[in-house]
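**Q** Hey, dropping protein.cif in here, mmCIF, C-alpha atoms (C1' of nucleotides) and all ligand atoms:
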```
data_run
loop_
_atom_site.label_atom_id
_atom_site.label_comp_id
_atom_site.auth_asym_id
_atom_site.auth_seq_id
_atom_site.Cartn_x
_atom_site.Cartn_y
_atom_site.Cartn_z
CA MET G 1 66.22 154.41 131.98
CA ALA G 2 65.96 156.28 135.17
CA ARG G 3 69.44 155.90 136.51
CA ALA G 4 70.01 155.45 140.21
CA GLY G 5 72.71 157.61 141.80
CA LYS G 6 76.24 156.93 140.61
CA PRO G 7 77.41 153.57 141.87
CA SER G 8 80.37 153.30 144.21
CA LEU G 9 83.47 151.46 143.19
CA ASP G 10 82.37 148.62 145.41
CA ASP G 11 79.00 148.45 143.74
CA LEU G 12 80.75 148.03 140.44
CA LYS G 13 83.11 145.40 141.73
CA THR G 14 80.27 143.49 143.25
CA ARG G 15 78.28 143.50 140.08
CA LEU G 16 81.22 142.10 138.16
CA ARG G 17 82.07 139.45 140.68
CA ASP G 18 78.48 138.37 140.96
CA ALA G 19 78.74 137.65 137.27
CA ASP G 20 81.99 135.72 137.70
CA LEU G 21 84.04 138.40 136.08
CA ARG G 22 87.19 139.74 137.63
CA ALA G 23 87.12 143.33 138.68
CA THR G 24 89.98 144.64 136.60
CA ALA G 25 90.70 148.30 136.05
CA PRO G 26 89.65 148.52 132.39
CA ARG G 27 86.57 146.47 133.13
CA LEU G 28 85.55 148.82 135.89
CA ALA G 29 86.12 151.81 133.65
CA VAL G 30 83.86 150.33 130.99
CA LEU G 31 81.18 149.38 133.45
CA ARG G 32 81.23 152.79 135.11
CA PHE G 33 80.90 154.42 131.73
CA LEU G 34 77.85 152.34 130.94
CA TYR G 35 76.29 153.24 134.26
CA GLU G 36 76.66 156.90 133.49
CA ALA G 37 75.53 156.80 129.88
CA PRO G 38 71.97 157.99 129.40
CA THR G 39 71.54 156.01 126.17
CA PRO G 40 73.22 153.05 124.49
CA VAL G 41 76.89 153.67 123.74
CA SER G 42 78.83 152.55 120.70
CA HIS G 43 82.12 150.79 120.90
CA ALA G 44 83.87 153.66 119.14
CA GLU G 45 82.45 156.15 121.61
CA LEU G 46 83.60 154.04 124.51
CA ALA G 47 87.02 153.39 123.09
CA ASP G 48 87.54 157.09 122.39
CA LYS G 49 86.41 158.18 125.80
CA LEU G 50 88.55 155.59 127.51
CA ALA G 51 91.63 155.88 125.34
CA PRO G 52 92.94 158.87 127.32
CA GLU G 53 92.85 156.68 130.39
CA GLY G 54 95.08 154.34 128.45
CA TRP G 55 92.87 151.36 127.82
CA ASP G 56 93.36 149.42 124.68
CA ARG G 57 90.68 149.31 122.01
CA ALA G 58 90.64 145.52 121.91
CA THR G 59 90.38 145.36 125.67
CA VAL G 60 87.46 147.73 125.72
CA TYR G 61 85.80 145.70 123.05
CA ARG G 62 86.41 142.41 124.78
CA ASN G 63 85.03 143.82 127.97
CA LEU G 64 81.92 145.05 126.28
CA ASN G 65 81.40 141.57 124.94
CA ASP G 66 82.18 139.98 128.28
CA LEU G 67 79.62 142.17 129.98
CA THR G 68 77.14 141.25 127.30
CA ASP G 69 77.80 137.54 127.64
CA ALA G 70 77.50 137.85 131.39
CA GLY G 71 74.09 139.42 131.05
CA ILE G 72 75.14 142.74 132.50
CA ALA G 73 74.87 144.66 129.27
CA ARG G 74 72.98 144.30 126.06
CA LYS G 75 74.43 144.68 122.58
CA THR G 76 72.13 146.08 119.95
CA ASP G 77 72.25 147.43 116.49
CA LEU G 78 69.71 150.18 116.39
CA GLY G 79 69.47 150.07 112.62
CA ASP G 80 72.50 152.05 111.60
CA HIS G 81 75.08 149.28 111.57
CA VAL G 82 76.73 150.43 114.76
CA TRP G 83 76.84 148.19 117.79
CA ARG G 84 75.71 149.89 120.91
CA PHE G 85 75.79 148.68 124.48
CA GLU G 86 73.62 149.50 127.41
CA LEU G 87 73.33 148.23 130.93
CA LEU G 88 70.64 145.75 131.69
CA LYS G 89 68.43 145.94 134.69
CA ASP G 90 70.39 145.58 137.87
CA THR G 91 69.71 142.70 140.22
CA ASP G 92 67.81 145.11 142.37
CA GLY G 93 65.91 146.34 139.36
CA SER G 94 67.49 149.74 139.40
CA HIS G 95 68.62 149.93 135.82
CA THR G 96 67.68 149.89 132.21
CA ASP G 97 64.92 147.55 131.23
CA ALA G 98 63.12 146.75 128.01
CA HIS G 99 62.14 150.08 126.58
CA PRO G 100 61.88 151.05 122.93
CA HIS G 101 64.67 153.02 121.24
CA PHE G 102 64.48 155.74 118.67
CA VAL G 103 67.33 156.56 116.29
CA CYS G 104 67.49 159.64 114.13
CA ASP G 105 68.20 158.86 110.48
CA GLU G 106 69.74 162.23 110.07
CA CYS G 107 72.04 162.90 112.99
CA GLY G 108 72.23 159.44 114.50
CA GLU G 109 71.06 160.55 117.91
CA VAL G 110 69.70 157.69 119.99
CA SER G 111 66.99 158.13 122.55
CA CYS G 112 65.26 155.85 124.98
CA LEU G 113 61.48 155.98 124.98
CA PRO G 114 59.36 155.22 127.99
CA GLU G 115 57.99 151.71 128.10
CA GLY G 116 54.48 151.59 126.83
CA THR G 117 55.10 154.17 124.13
CA VAL G 118 54.68 151.46 121.56
CA GLU G 119 51.88 148.97 121.62
CA ILE G 120 51.91 145.72 119.74
CA LYS G 121 48.51 144.64 118.57
CA SER G 122 48.35 141.10 119.70
CA THR G 123 47.15 139.38 116.61
CA ARG G 124 46.97 135.68 117.05
CA ASN G 125 50.02 134.46 115.32
CA GLY G 126 51.13 130.99 116.18
CA PRO G 127 51.13 129.42 119.63
CA LEU G 128 52.49 132.57 121.22
CA ARG G 129 51.04 135.90 120.25
CA LEU G 130 53.38 138.31 118.55
CA LYS G 131 53.50 140.53 121.58
CA GLU G 132 54.89 137.70 123.64
CA ARG G 133 57.63 136.96 121.19
CA VAL G 134 59.00 140.47 120.88
CA SER G 135 62.02 141.31 122.98
CA GLU G 136 63.07 144.56 121.44
CA ILE G 137 61.45 147.51 119.76
CA GLN G 138 63.28 150.02 117.60
CA LEU G 139 61.95 153.06 115.86
CA LYS G 140 63.70 155.19 113.27
CA GLY G 141 62.93 158.62 111.90
CA ARG G 142 63.83 162.25 112.36
CA CYS G 143 64.47 163.51 115.82
CA GLU G 144 62.92 166.74 117.01
CA ARG G 145 66.01 168.73 116.34
CA CYS G 146 66.56 167.44 112.80
CA ASN G 147 62.96 167.57 111.84
CA MET P 1 54.28 143.62 100.90
CA ALA P 2 51.64 142.35 98.59
CA ARG P 3 53.61 142.21 95.38
CA ALA P 4 51.94 143.04 92.10
CA GLY P 5 52.52 140.61 89.22
CA LYS P 6 56.09 140.32 88.00
CA PRO P 7 57.10 143.46 86.18
CA SER P 8 58.04 143.40 82.54
CA LEU P 9 61.49 144.36 81.39
CA ASP P 10 60.06 147.64 80.22
CA ASP P 11 58.50 148.32 83.58
CA LEU P 12 61.90 147.92 85.14
CA LYS P 13 63.61 150.12 82.60
CA THR P 14 61.02 152.78 83.05
CA ARG P 15 61.37 152.78 86.77
CA LEU P 16 65.10 153.25 86.49
CA ARG P 17 64.93 155.97 83.89
CA ASP P 18 62.30 157.83 85.80
CA ALA P 19 64.85 157.98 88.57
CA ASP P 20 67.59 159.20 86.20
CA LEU P 21 69.44 155.94 86.32
CA ARG P 22 70.60 154.16 83.22
CA ALA P 23 69.00 150.84 82.55
CA THR P 24 72.08 148.64 82.49
CA ALA P 25 72.03 144.89 82.60
CA PRO P 26 73.35 144.44 86.13
CA ARG P 27 71.07 147.18 87.38
CA LEU P 28 68.05 145.50 85.86
CA ALA P 29 69.08 142.19 87.38
CA VAL P 30 69.31 143.76 90.81
CA LEU P 31 66.03 145.58 90.48
CA ARG P 32 64.23 142.49 89.24
CA PHE P 33 65.57 140.55 92.15
CA LEU P 34 64.24 143.11 94.58
CA TYR P 35 60.84 143.01 92.92
CA GLU P 36 60.66 139.31 93.43
CA ALA P 37 61.96 139.16 96.99
CA PRO P 38 59.24 138.70 99.58
CA THR P 39 61.31 140.29 102.37
CA PRO P 40 64.34 142.57 102.55
CA VAL P 41 67.42 141.07 100.90
CA SER P 42 70.98 141.32 102.11
CA HIS P 43 73.83 142.33 99.88
CA ALA P 44 75.46 138.95 100.32
CA GLU P 45 72.29 137.17 99.28
CA LEU P 46 71.98 139.38 96.24
CA ALA P 47 75.61 139.08 95.24
CA ASP P 48 75.50 135.30 95.60
CA LYS P 49 72.35 134.92 93.61
CA LEU P 50 73.61 137.19 90.87
CA ALA P 51 77.19 135.96 90.74
CA PRO P 52 76.26 133.05 88.46
CA GLU P 53 74.93 135.61 86.01
CA GLY P 54 78.40 137.13 86.14
CA TRP P 55 77.86 140.42 87.90
CA ASP P 56 80.59 141.76 90.04
CA ARG P 57 80.07 142.18 93.77
CA ALA P 58 81.13 145.80 93.73
CA THR P 59 78.71 146.48 90.90
CA VAL P 60 75.85 144.82 92.71
CA TYR P 61 76.70 146.79 95.77
CA ARG P 62 76.93 150.07 93.94
CA ASN P 63 73.62 149.41 92.31
CA LEU P 64 71.96 148.67 95.57
CA ASN P 65 73.23 151.99 96.87
CA ASP P 66 72.24 153.79 93.69
CA LEU P 67 68.72 152.44 93.96
CA THR P 68 68.65 153.53 97.55
CA ASP P 69 69.89 157.02 96.78
CA ALA P 70 67.36 157.28 94.00
CA GLY P 71 64.56 156.45 96.38
CA ILE P 72 63.66 153.20 94.69
CA ALA P 73 64.89 150.97 97.46
CA ARG P 74 65.46 151.30 101.14
CA LYS P 75 68.54 150.16 103.00
CA THR P 76 68.04 148.99 106.53
CA ASP P 77 69.84 147.21 109.23
CA LEU P 78 67.24 145.12 110.97
CA GLY P 79 69.32 144.90 114.11
CA ASP P 80 71.69 142.12 113.19
CA HIS P 81 74.40 144.18 111.57
CA VAL P 82 73.49 143.08 108.08
CA TRP P 83 72.37 145.60 105.48
CA ARG P 84 69.19 144.62 103.76
CA PHE P 85 67.43 146.24 100.84
CA GLU P 86 63.82 146.31 99.86
CA LEU P 87 61.82 148.07 97.19
CA LEU P 88 59.99 151.18 98.12
CA LYS P 89 56.45 151.85 97.11
CA ASP P 90 56.15 152.21 93.37
CA THR P 91 54.95 155.44 91.83
CA ASP P 92 51.61 153.84 91.33
CA GLY P 93 51.59 152.63 94.89
CA SER P 94 51.91 149.02 93.96
CA HIS P 95 54.87 148.08 96.10
CA THR P 96 56.29 147.83 99.54
CA ASP P 97 55.30 150.54 101.92
CA ALA P 98 56.03 151.36 105.50
CA HIS P 99 55.30 148.19 107.41
CA PRO P 100 57.08 146.96 110.51
CA HIS P 101 59.68 144.23 110.32
CA PHE P 102 60.38 141.41 112.69
CA VAL P 103 63.76 139.69 112.95
CA CYS P 104 64.37 136.48 114.81
CA ASP P 105 67.27 136.71 117.23
CA GLU P 106 67.82 133.03 116.88
CA CYS P 107 67.65 132.10 113.23
CA GLY P 108 67.80 135.53 111.66
CA GLU P 109 64.61 135.09 109.71
CA VAL P 110 63.10 138.37 108.64
CA SER P 111 59.39 138.86 108.25
CA CYS P 112 57.21 141.71 107.19
CA LEU P 113 54.30 142.50 109.48
CA PRO P 114 51.08 144.04 108.30
CA GLU P 115 50.85 147.77 108.76
CA GLY P 116 48.97 148.62 111.86
CA THR P 117 50.42 145.75 113.85
CA VAL P 118 52.31 148.24 115.94
CA GLU P 119 50.77 151.34 117.35
CA ILE P 120 52.74 154.30 118.56
CA LYS P 121 51.14 156.11 121.41
CA SER P 122 51.31 159.67 120.28
CA THR P 123 52.63 161.39 123.33
CA ARG P 124 53.19 165.04 122.73
CA ASN P 125 56.83 165.28 122.17
CA GLY P 126 57.99 168.43 120.48
CA PRO P 127 56.33 170.21 117.58
CA LEU P 128 55.60 166.97 115.80
CA ARG P 129 54.24 164.04 117.77
CA LEU P 130 56.42 160.98 117.96
CA LYS P 131 54.12 159.06 115.67
CA GLU P 132 54.68 161.59 112.93
CA ARG P 133 58.41 161.41 113.17
CA VAL P 134 58.75 157.65 112.93
CA SER P 135 59.57 156.26 109.51
CA GLU P 136 60.51 152.74 110.42
CA ILE P 137 59.54 150.17 112.98
CA GLN P 138 61.58 147.11 113.82
CA LEU P 139 60.83 144.35 116.26
CA LYS P 140 63.16 141.63 117.45
CA GLY P 141 62.51 138.40 119.25
CA ARG P 142 61.97 134.73 118.61
CA CYS P 143 60.08 133.69 115.56
CA GLU P 144 57.34 131.09 115.79
CA ARG P 145 59.59 128.33 114.61
CA CYS P 146 62.43 129.07 117.01
CA ASN P 147 60.24 129.76 119.95
"C1'" DG O 1 72.17 154.42 62.29
"C1'" DT O 2 76.47 156.97 64.16
"C1'" DC O 3 78.76 159.53 67.28
"C1'" DT O 4 80.11 161.37 71.79
"C1'" DG O 5 80.38 162.44 76.49
"C1'" DA O 6 78.88 160.91 80.78
"C1'" DA O 7 77.51 157.06 83.55
"C1'" DT O 8 78.72 152.47 84.70
"C1'" DT O 9 81.41 148.30 85.06
"C1'" DG O 10 85.12 145.03 86.41
"C1'" DC O 11 88.88 144.12 88.86
"C1'" DA O 12 92.22 145.13 92.10
"C1'" DA O 13 93.65 147.75 95.95
"C1'" DA O 14 92.27 150.37 100.07
"C1'" DT O 15 89.56 150.96 104.36
"C1'" DG O 16 87.85 150.07 108.74
"C1'" DA O 17 85.26 147.80 112.27
"C1'" DG O 18 85.78 144.00 114.85
"C1'" DT O 19 88.62 139.71 116.18
"C1'" DC O 20 92.40 136.84 117.41
"C1'" DG O 21 97.00 134.93 118.98
"C1'" DC O 22 100.19 135.11 122.21
"C1'" DA O 23 103.52 136.57 125.58
"C1'" DA O 24 103.46 139.37 129.68
"C1'" DG O 25 100.79 141.01 133.73
"C1'" DT O 26 97.16 140.64 137.43
"C1'" DG O 27 93.18 139.34 140.46
"C1'" DC O 28 91.79 136.40 143.72
"C1'" DA O 29 91.01 132.19 146.38
"C1'" DA O 30 93.45 129.14 148.93
"C1'" DT M 1 102.24 134.64 149.99
"C1'" DT M 2 101.70 131.78 146.07
"C1'" DG M 3 99.90 129.74 141.77
"C1'" DC M 4 97.33 129.83 138.05
"C1'" DA M 5 93.46 130.94 135.35
"C1'" DC M 6 91.82 135.12 133.68
"C1'" DT M 7 93.04 139.53 131.34
"C1'" DT M 8 95.57 142.79 128.96
"C1'" DG M 9 98.27 145.03 125.22
"C1'" DC M 10 99.64 145.10 120.82
"C1'" DG M 11 100.20 143.61 116.39
"C1'" DA M 12 98.40 140.82 112.86
"C1'" DC M 13 94.34 139.35 110.59
"C1'" DT M 14 89.52 138.95 108.70
"C1'" DC M 15 85.92 140.15 106.04
"C1'" DA M 16 82.31 143.37 104.47
"C1'" DT M 17 82.11 147.45 102.03
"C1'" DT M 18 84.23 151.17 99.44
"C1'" DT M 19 87.18 153.26 96.14
"C1'" DG M 20 90.46 154.25 91.96
"C1'" DC M 21 90.85 153.82 87.38
"C1'" DA M 22 90.98 152.33 82.73
"C1'" DA M 23 87.86 150.07 79.64
"C1'" DT M 24 83.06 149.66 78.28
"C1'" DT M 25 78.31 150.80 77.57
"C1'" DC M 26 74.25 153.89 77.64
"C1'" DA M 27 71.27 157.54 75.84
"C1'" DG M 28 70.38 161.38 73.49
"C1'" DA M 29 71.95 164.47 69.67
"C1'" DC M 30 73.05 164.56 64.98
MN MN S 1 67.93 152.69 126.32
MN MN S 2 59.23 144.35 104.30
ZN ZN S 3 68.42 163.93 114.81
ZN ZN S 4 63.56 132.15 113.95
#
```
Take the structure in the file and give it back as structure tokens.
Ligand SMILES: [Mn+2]
Ligand SMILES: [Mn+2]
Ligand SMILES: [Zn+2]
Ligand SMILES: [Zn+2]

**A**
Amino acid sequence: MARAGKPSLDDLKTRLRDADLRATAPRLAVLRFLYEAPTPVSHAELADKLAPEGWDRATVYRNLNDLTDAGIARKTDLGDHVWRFELLKDTDGSHTDAHPHFVCDECGEVSCLPEGTVEIKSTRNGPLRLKERVSEIQLKGRCERCN
Amino acid sequence: MARAGKPSLDDLKTRLRDADLRATAPRLAVLRFLYEAPTPVSHAELADKLAPEGWDRATVYRNLNDLTDAGIARKTDLGDHVWRFELLKDTDGSHTDAHPHFVCDECGEVSCLPEGTVEIKSTRNGPLRLKERVSEIQLKGRCERCN
DNA sequence: GTCTGAATTGCAAATGAGTCGCAAGTGCAA
DNA sequence: TTGCACTTGCGACTCATTTGCAATTCAGAC
């Protein structure tokens, strides 16, 4: 959530290569965009923002999926049928981790909540307690503005 | 979650008419199906189950949306990019209410959790506290079976 | 019970997000 | 530098959902 200072081009290249991905221009553009996004970004958003720079829609999409497969980003549907991508924690722990998300039913705004905002009552529930099996928490409702 | 005994045909008709919807055959079939489903149902599931009875996909779909617009059902995407529908609480309070859902990343199984399983720490957060603004809670992870 | 206008249906065509195939271009390790 | 696997661009394609429209069916008024 807290985002470290903007990464240098070399930081970006390194992160890609560490994941066995080539550091191509469109790939770097996508990755940079994710680094700078404060909340998960949809494919459409990405494609629109990057279109002026000339990158193809399919390429952007493939890259988003590549980053996801490589464990650099995470692909989620926050409940509104739109895929959104966000960076995963960096090797050095400097990026996004497992925090809950909130999506506004009305305006679609997505926000990241601090970890710990939501507590799962650990009812015994099989070998592993529920809490231990949950990897993602999503809330929906009206945001402050739309309320 | 707890489902009252199966509703009579008249119960169904009444519920539709109370919502200013005509009680047509395909509509009743859809509504009945929702009453009997233990967890949210996807359109595909619905359409497949009702196809043998001869109802058109588009009709099933429109009905699902009509029920949703009328406040009888709720349409959610549990995080897997599939729309699912479930009945909303009946006028007499006998049906589904606001409980959290859990979806398995692995097998896609959806389960309804008891209310109260998830607690939202009510940090002050605008005029209304977060807790008051949340209308839906979704968890994702591995179900017991897939764990 | 009939009648009538509005809601609903069925079926086919349209939409749109997301994917894929493939020939041309590029990163990178040797 | 070179070679080749990895990527890109672009068009074609898929598949879920939506829409247009004429035909049909409700529901409420005679
Ligand atoms: Mn986030
Ligand atoms: Mn439920
Ligand atoms: Zn909002
Ligand atoms: Zn499972």

**Q** Pairing the C-alpha atoms in order across the whole chain, superpose chain P onto chain G by least squares and write the result as a short mmCIF file (atom, residue, chain, number, x, y, z; two decimals) with C-alpha atoms, in the frame of the given file.

**A**
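Printed below is out03.cif as written:
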```cif
data_model
loop_
_atom_site.label_atom_id
_atom_site.label_comp_id
_atom_site.auth_asym_id
_atom_site.auth_seq_id
_atom_site.Cartn_x
_atom_site.Cartn_y
_atom_site.Cartn_z
CA MET P 1 66.32 154.69 131.84
CA ALA P 2 65.98 156.47 135.10
CA ARG P 3 69.44 155.95 136.48
CA ALA P 4 69.94 155.40 140.18
CA GLY P 5 72.68 157.46 141.86
CA LYS P 6 76.21 156.78 140.69
CA PRO P 7 77.35 153.40 141.91
CA SER P 8 80.27 153.04 144.25
CA LEU P 9 83.38 151.18 143.24
CA ASP P 10 82.23 148.32 145.39
CA ASP P 11 78.86 148.22 143.71
CA LEU P 12 80.62 147.82 140.41
CA LYS P 13 82.94 145.14 141.68
CA THR P 14 80.07 143.25 143.15
CA ARG P 15 78.11 143.34 139.98
CA LEU P 16 81.02 141.93 138.05
CA ARG P 17 81.82 139.22 140.53
CA ASP P 18 78.23 138.18 140.78
CA ALA P 19 78.49 137.53 137.08
CA ASP P 20 81.72 135.54 137.49
CA LEU P 21 83.82 138.22 135.92
CA ARG P 22 86.98 139.49 137.51
CA ALA P 23 86.93 143.07 138.61
CA THR P 24 89.83 144.42 136.59
CA ALA P 25 90.60 148.06 136.10
CA PRO P 26 89.59 148.33 132.45
CA ARG P 27 86.46 146.32 133.11
CA LEU P 28 85.45 148.64 135.92
CA ALA P 29 86.09 151.65 133.72
CA VAL P 30 83.85 150.24 131.02
CA LEU P 31 81.11 149.30 133.44
CA ARG P 32 81.20 152.68 135.14
CA PHE P 33 80.92 154.36 131.80
CA LEU P 34 77.85 152.34 130.94
CA TYR P 35 76.27 153.22 134.26
CA GLU P 36 76.68 156.86 133.54
CA ALA P 37 75.58 156.85 129.91
CA PRO P 38 72.05 158.12 129.40
CA THR P 39 71.59 156.19 126.13
CA PRO P 40 73.27 153.23 124.45
CA VAL P 41 76.97 153.82 123.78
CA SER P 42 78.91 152.73 120.74
CA HIS P 43 82.20 150.93 120.95
CA ALA P 44 83.96 153.80 119.25
CA GLU P 45 82.57 156.27 121.75
CA LEU P 46 83.65 154.07 124.61
CA ALA P 47 87.10 153.39 123.23
CA ASP P 48 87.67 157.08 122.57
CA LYS P 49 86.54 158.15 125.98
CA LEU P 50 88.63 155.50 127.68
CA ALA P 51 91.73 155.78 125.53
CA PRO P 52 93.06 158.71 127.57
CA GLU P 53 92.92 156.46 130.60
CA GLY P 54 95.15 154.11 128.62
CA TRP P 55 92.91 151.16 127.91
CA ASP P 56 93.41 149.28 124.74
CA ARG P 57 90.68 149.19 122.12
CA ALA P 58 90.67 145.42 121.94
CA THR P 59 90.36 145.24 125.70
CA VAL P 60 87.47 147.66 125.76
CA TYR P 61 85.83 145.69 123.04
CA ARG P 62 86.34 142.37 124.74
CA ASN P 63 84.94 143.77 127.92
CA LEU P 64 81.88 145.06 126.22
CA ASN P 65 81.31 141.60 124.81
CA ASP P 66 82.04 139.95 128.14
CA LEU P 67 79.50 142.16 129.85
CA THR P 68 77.04 141.30 127.15
CA ASP P 69 77.64 137.58 127.43
CA ALA P 70 77.31 137.83 131.18
CA GLY P 71 73.93 139.46 130.84
CA ILE P 72 75.01 142.75 132.35
CA ALA P 73 74.80 144.73 129.15
CA ARG P 74 72.95 144.44 125.92
CA LYS P 75 74.46 144.86 122.48
CA THR P 76 72.23 146.29 119.82
CA ASP P 77 72.40 147.68 116.40
CA LEU P 78 69.85 150.45 116.31
CA GLY P 79 69.61 150.29 112.55
CA ASP P 80 72.62 152.33 111.56
CA HIS P 81 75.19 149.57 111.49
CA VAL P 82 76.84 150.69 114.69
CA TRP P 83 76.96 148.41 117.71
CA ARG P 84 75.78 150.08 120.86
CA PHE P 85 75.81 148.82 124.41
CA GLU P 86 73.62 149.62 127.34
CA LEU P 87 73.29 148.29 130.85
CA LEU P 88 70.61 145.80 131.55
CA LYS P 89 68.35 146.00 134.52
CA ASP P 90 70.28 145.54 137.73
CA THR P 91 69.54 142.65 140.04
CA ASP P 92 67.65 145.02 142.23
CA GLY P 93 65.78 146.37 139.26
CA SER P 94 67.42 149.73 139.40
CA HIS P 95 68.62 149.99 135.83
CA THR P 96 67.70 150.04 132.22
CA ASP P 97 64.88 147.79 131.21
CA ALA P 98 63.10 146.99 128.02
CA HIS P 99 62.13 150.33 126.56
CA PRO P 100 61.92 151.22 122.90
CA HIS P 101 64.66 153.19 121.20
CA PHE P 102 64.42 155.86 118.57
CA VAL P 103 67.25 156.67 116.17
CA CYS P 104 67.35 159.71 113.95
CA ASP P 105 68.06 158.87 110.33
CA GLU P 106 69.54 162.27 109.87
CA CYS P 107 71.82 163.03 112.77
CA GLY P 108 72.08 159.61 114.33
CA GLU P 109 70.91 160.74 117.72
CA VAL P 110 69.64 157.90 119.85
CA SER P 111 66.92 158.35 122.41
CA CYS P 112 65.23 156.10 124.87
CA LEU P 113 61.44 156.19 124.85
CA PRO P 114 59.33 155.46 127.87
CA GLU P 115 58.01 151.93 128.07
CA GLY P 116 54.52 151.74 126.80
CA THR P 117 55.10 154.24 124.03
CA VAL P 118 54.71 151.46 121.53
CA GLU P 119 51.97 148.93 121.67
CA ILE P 120 52.07 145.63 119.87
CA LYS P 121 48.71 144.43 118.75
CA SER P 122 48.70 140.89 119.96
CA THR P 123 47.48 139.04 116.94
CA ARG P 124 47.42 135.34 117.51
CA ASN P 125 50.49 134.16 115.83
CA GLY P 126 51.66 130.74 116.85
CA PRO P 127 51.72 129.30 120.35
CA LEU P 128 52.98 132.53 121.84
CA ARG P 129 51.43 135.80 120.73
CA LEU P 130 53.70 138.21 118.94
CA LYS P 131 53.76 140.54 121.91
CA GLU P 132 55.24 137.82 124.06
CA ARG P 133 58.00 137.06 121.64
CA VAL P 134 59.27 140.59 121.20
CA SER P 135 62.27 141.56 123.28
CA GLU P 136 63.26 144.77 121.60
CA ILE P 137 61.58 147.62 119.84
CA GLN P 138 63.34 150.10 117.61
CA LEU P 139 61.94 153.08 115.79
CA LYS P 140 63.64 155.17 113.15
CA GLY P 141 62.81 158.55 111.73
CA ARG P 142 63.63 162.20 112.14
CA CYS P 143 64.26 163.53 115.57
CA GLU P 144 62.62 166.75 116.71
CA ARG P 145 65.69 168.79 116.01
CA CYS P 146 66.26 167.47 112.50
CA ASN P 147 62.65 167.50 111.52
#
```

**Q** May I have the residues within 7 Å of ligand ZN 3 (chain S), computed using all atoms listed in the file, as a list in words?

**A**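 Going residue by residue within 7 Å of ligand ZN 3 (chain S), we get Cys104, Asp105, Glu106, Cys107, Gly108, Glu109, Arg142, Cys143, Glu144, Arg145 and Cys146 of chain G.
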
**Q** Please return the centre and edge lengths, in Å to one decimal, of a box with edges along x, y and z that contains all listed atoms of range 136-142 of chain G, widened by 6 Å on every side, as AutoDock Vina command-line options.

**A**
```
--center_x 62.6 --center_y 153.4 --center_z 116.7 --size_x 14.4 --size_y 29.7 --size_z 21.5
```

**Q** Identify which of the residues P:Arg15, P:Lys140, P:Arg22, P:Arg133 lies closest to chain M, counting all atoms listed in the file when measuring atom-to-atom distances.

**A** P:Arg22

**Q** Could you work out which residues of chain G fall inside 9 Å of chain M? Count only C-alpha atoms (C1' of nucleotides), and format the result as a ChimeraX atom specification.

**A** /G:21-22,24,26,55-56,58-59

**Q** Please report the interatomic distance between CA of Leu113 in chain G and CA of Pro40 in chain G in Å with one decimal.

**A**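 Spanning CA of Leu113 in chain G to CA of Pro40 in chain G is a straight-line distance of 12.1 Å.
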
**Q** What are the residues of chain P lining chain G at 12 Å or less? Count all atoms listed in the file, and put the answer as a short mmCIF file (atom, residue, chain, number, x, y, z; two decimals) with C-alpha atoms, in the frame of the given file.

**A**
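Below is the file part13.cif, written as the result:
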```
data_model
loop_
_atom_site.label_atom_id
_atom_site.label_comp_id
_atom_site.auth_asym_id
_atom_site.auth_seq_id
_atom_site.Cartn_x
_atom_site.Cartn_y
_atom_site.Cartn_z
CA LYS P 75 68.54 150.16 103.00
CA THR P 76 68.04 148.99 106.53
CA ASP P 77 69.84 147.21 109.23
CA LEU P 78 67.24 145.12 110.97
CA GLY P 79 69.32 144.90 114.11
CA ASP P 80 71.69 142.12 113.19
CA HIS P 81 74.40 144.18 111.57
CA VAL P 82 73.49 143.08 108.08
CA TRP P 83 72.37 145.60 105.48
CA ARG P 84 69.19 144.62 103.76
CA ALA P 98 56.03 151.36 105.50
CA HIS P 99 55.30 148.19 107.41
CA PRO P 100 57.08 146.96 110.51
CA HIS P 101 59.68 144.23 110.32
CA PHE P 102 60.38 141.41 112.69
CA VAL P 103 63.76 139.69 112.95
CA CYS P 104 64.37 136.48 114.81
CA ASP P 105 67.27 136.71 117.23
CA GLU P 106 67.82 133.03 116.88
CA SER P 111 59.39 138.86 108.25
CA LEU P 113 54.30 142.50 109.48
CA PRO P 114 51.08 144.04 108.30
CA GLU P 115 50.85 147.77 108.76
CA GLY P 116 48.97 148.62 111.86
CA THR P 117 50.42 145.75 113.85
CA VAL P 118 52.31 148.24 115.94
CA GLU P 119 50.77 151.34 117.35
CA ILE P 120 52.74 154.30 118.56
CA LYS P 121 51.14 156.11 121.41
CA SER P 122 51.31 159.67 120.28
CA THR P 123 52.63 161.39 123.33
CA ARG P 124 53.19 165.04 122.73
CA ASN P 125 56.83 165.28 122.17
CA GLY P 126 57.99 168.43 120.48
CA PRO P 127 56.33 170.21 117.58
CA LEU P 128 55.60 166.97 115.80
CA ARG P 129 54.24 164.04 117.77
CA LEU P 130 56.42 160.98 117.96
CA LYS P 131 54.12 159.06 115.67
CA GLU P 132 54.68 161.59 112.93
CA ARG P 133 58.41 161.41 113.17
CA VAL P 134 58.75 157.65 112.93
CA SER P 135 59.57 156.26 109.51
CA GLU P 136 60.51 152.74 110.42
CA ILE P 137 59.54 150.17 112.98
CA GLN P 138 61.58 147.11 113.82
CA LEU P 139 60.83 144.35 116.26
CA LYS P 140 63.16 141.63 117.45
CA GLY P 141 62.51 138.40 119.25
CA ARG P 142 61.97 134.73 118.61
CA CYS P 143 60.08 133.69 115.56
CA GLU P 144 57.34 131.09 115.79
CA ARG P 145 59.59 128.33 114.61
CA CYS P 146 62.43 129.07 117.01
CA ASN P 147 60.24 129.76 119.95
#
```

**Q** How many Å separate CA of Leu12 in chain P from CA of Ala47 in chain P?

**A** 19.2 Å
